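Below is one structure, written out as C-alpha cells, with a few remarks after it.
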Amino acid sequence: MSKNDDVRYCHRFSYILIKFMLFSYACTWWLIGGFILGIGIYAEVERQSYKTLEGAFLAPAIILIVLGIIMFIISLIGVLGSLRDNITLLKVFMYALVVCLILQLTGGILALAFHHQTKEFINDNTRKGIVNYYDDLDFKNILDYIQKKFKCCGGKDYTDWKVNMYHNCSAPGPLACGVPYTCCITTQPTEVANTLCGYEALQKERLDLTQDIYTRGCTDAFILWVKDNLKIIAGVLLGILIPQFFGVIVTLLYITRVEDAKREWDNRVRLVDSATNGRPVKRHNRVSKWYKCMPDYD
C-alpha cells in the first residue's frame with residue numbers, strides 16, 4: 001500500500017474544510033439563536049411586568065422566543081453532529097433546514113396566491129392590537145413607528161381607531177373621536193406633531209382630513225412600499241433563503257464524506273480481522289470515539 005493510501009480519510013483536505021465550514025455555520029446560527037432567545041425572554045419579562053397584551057400574534061416577545069428556540073435547537077443539533085460526525089444528527093439538521101425552507105417558500109406562495117385573505121388577516125389582527133393600543137407597549141411602539149414611517153393610519157384606514165375605547169366617539173376625554181398624533185401629517189422630518197392634531201378626526205369626512213392626518217391604511221401603504229422597493233425586498237429574501245440553502249448543501253456534502261469514511265474503515269476492519277486471524281489489536285483511547293473517521297485500532 002502506498003504512503004498516500006495510508007493517510008487517514010479524516011486528514012484529507014476536503015473533509016477538514018467541509019467540517020470546519022459546517023461547524024462554523026451551525027455555531028454562528030446557534031449563537032444568533034441564543035441571542036434572539038435572550039432578547040425575547042427579556043422583552044417578555046418586561047411585557048409581563050407591565051401586564052401588556054396577551055395575544056401571541058401581537059406580542060413580538062413571544063415571536064422572538066419561539067424563533068430563538070427553533071434556531072437554538074436546530075443549530076445545536078448541527079453543532080453536535082459536525083463535532084461527533086454523527087450521521088443521525090447531521091441528517092436531522094439537514095432535514096430541519098429543508099423543512100424550514102419549504103415552510104417559508106410555501107408561506108410566501110400562499111400569501112401571494114391568497115393576497116386578499118392575507119390582507120384581511122393583517123387588518124383584523126391590527127384592529128385587535130388597536131383595541132389594546134395603550135395597554136401593550138410593544139405593539140404601541142411598533143404601530144407608532146409604522147404610521148410615521150409609511151405615513152398611514154390604522155390597518156385598513158384611519159377609521160380602525162373607532163375600536164379603541166379611548167378614541168371611540170362614545171368615550172369621555174379629549175381623545176374621543178380622535179386618532180393618535182403619529183397619524184398626523186408633518187411637513188418636516190424633525191417636526192414634532194401636536195398631540196391633539198387628530199382631534200375629532202373620526203367625525204369628519206375623508207376629504208376634510210387630507211391636510212391634517214394620513215387617511216390611508218398601513219396595510220395598503222406597506223404593500224405600495226414593497227412594490228416600489230422590489231429590489232430591496234428581493235435582496236432581503238435572498239439573504240434569508242440563501243444561507244439556509246447553503247447549510248443544506250454543506251450538510252449533504254459532509255454526510256457523504258462521513259459515510260465514505262465509515263465505509264472505508266469498515267472495509268479496513270474486515271482486512272485487519274482477516275490479517276490477524278482473530279488476534280487482538282491495539283485500541284485507541286476515547287478521543288477516537290468522537291470521530292467516526294478515526295479508526296478504532298492500529
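In the C-alpha cells, each chain is lettered A, B, ... as it comes, each chain's residues begin at 1, and ligands are numbered from 1 in order of appearance.
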
Selection: 10 Å around region 236-252 of chain A, only C-alpha atoms, excl. self and same-chain fewer than 5 positions, as a VMD selection string:
chain A and resid 18 to 19 21 to 23 25 to 26 78 81 to 82 90 to 91 93 to 98 100 to 101 104 to 105 230 to 231 257

Coordinates-based distance that separates CA of Thr159 (chain A) from CA of Pro174 (chain A) (Å, one decimal):
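About the pair CA of Pro174 (chain A) and CA of Thr159 (chain A): they are 17.1 Å apart.
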
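Each of A:Cys184, A:Val99, A:Leu67, A:Leu209 was checked against Cys197 (chain A) using only C-alpha atoms; the smallest atom-to-atom distance is that of A:Cys184.
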
Please list as a ChimeraX atom specification every residue within 12 Å of region 110-116 of chain A, counting only C-alpha atoms and excluding residues in the same chain fewer than 6 positions away.
/A:102-104,122-123,219-220,223

With N, CA and C atoms kept, could you save the residues just selected as a short mmCIF file (atom, residue, chain, number, x, y, z; two decimals), in the first residue's frame?
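Saved file selection_20.cif follows:
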data_model
loop_
_atom_site.label_atom_id
_atom_site.label_comp_id
_atom_site.auth_asym_id
_atom_site.auth_seq_id
_atom_site.Cartn_x
_atom_site.Cartn_y
_atom_site.Cartn_z
N ILE A 102 -38.92 24.88 2.99
CA ILE A 102 -40.20 24.57 2.35
C ILE A 102 -41.33 25.37 2.99
N LEU A 103 -41.34 25.47 4.32
CA LEU A 103 -42.39 26.23 5.02
C LEU A 103 -42.36 27.70 4.63
N GLN A 104 -41.16 28.27 4.55
CA GLN A 104 -41.05 29.68 4.19
C GLN A 104 -41.50 29.92 2.75
N ILE A 122 -54.20 40.52 8.16
CA ILE A 122 -53.36 41.56 8.76
C ILE A 122 -54.23 42.67 9.33
N ASN A 123 -55.26 43.08 8.58
CA ASN A 123 -56.14 44.15 9.06
C ASN A 123 -56.87 43.74 10.34
N THR A 219 -51.70 48.82 5.93
CA THR A 219 -51.55 47.61 5.11
C THR A 219 -51.34 47.99 3.65
N ASP A 220 -52.18 48.88 3.13
CA ASP A 220 -52.02 49.33 1.74
C ASP A 220 -50.73 50.11 1.56
N ILE A 223 -47.90 47.64 1.29
CA ILE A 223 -47.92 46.95 0.00
C ILE A 223 -47.36 47.85 -1.10
#

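Interatomic distance, CA of Leu64 (chain A) against CA of Gly38 (chain A): 8.8 Å.
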
Between CA of Asn141 (chain A) and CA of Ala234 (chain A), what is the distance, to one decimal in Å?
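Atom-to-atom, CA of Asn141 (chain A) and CA of Ala234 (chain A) are spaced 26.8 Å apart.
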
Among region 6-237 of chain A, which residues carry a DSSP assignment of helix (DSSP H, G or I), reported as JSON, numbers by chain?
{"A": [9, 10, 11, 13, 14, 15, 16, 17, 18, 19, 20, 21, 22, 23, 24, 25, 26, 27, 28, 29, 30, 31, 32, 33, 34, 35, 36, 37, 38, 39, 40, 41, 42, 43, 44, 45, 46, 47, 48, 49, 60, 61, 62, 63, 64, 65, 66, 67, 68, 69, 70, 71, 72, 73, 74, 75, 76, 77, 78, 79, 80, 81, 82, 83, 84, 87, 88, 89, 90, 91, 92, 93, 94, 95, 96, 97, 98, 99, 100, 101, 102, 103, 104, 105, 106, 107, 108, 109, 110, 111, 112, 113, 115, 116, 117, 118, 119, 120, 121, 122, 123, 124, 125, 126, 127, 128, 129, 130, 131, 137, 138, 139, 140, 141, 142, 143, 144, 145, 146, 147, 148, 149, 158, 159, 160, 161, 162, 163, 181, 182, 183, 201, 202, 203, 206, 207, 208, 209, 218, 219, 220, 221, 222, 223, 224, 225, 226, 227, 228, 230, 231, 232, 233, 234, 235, 236, 237]}
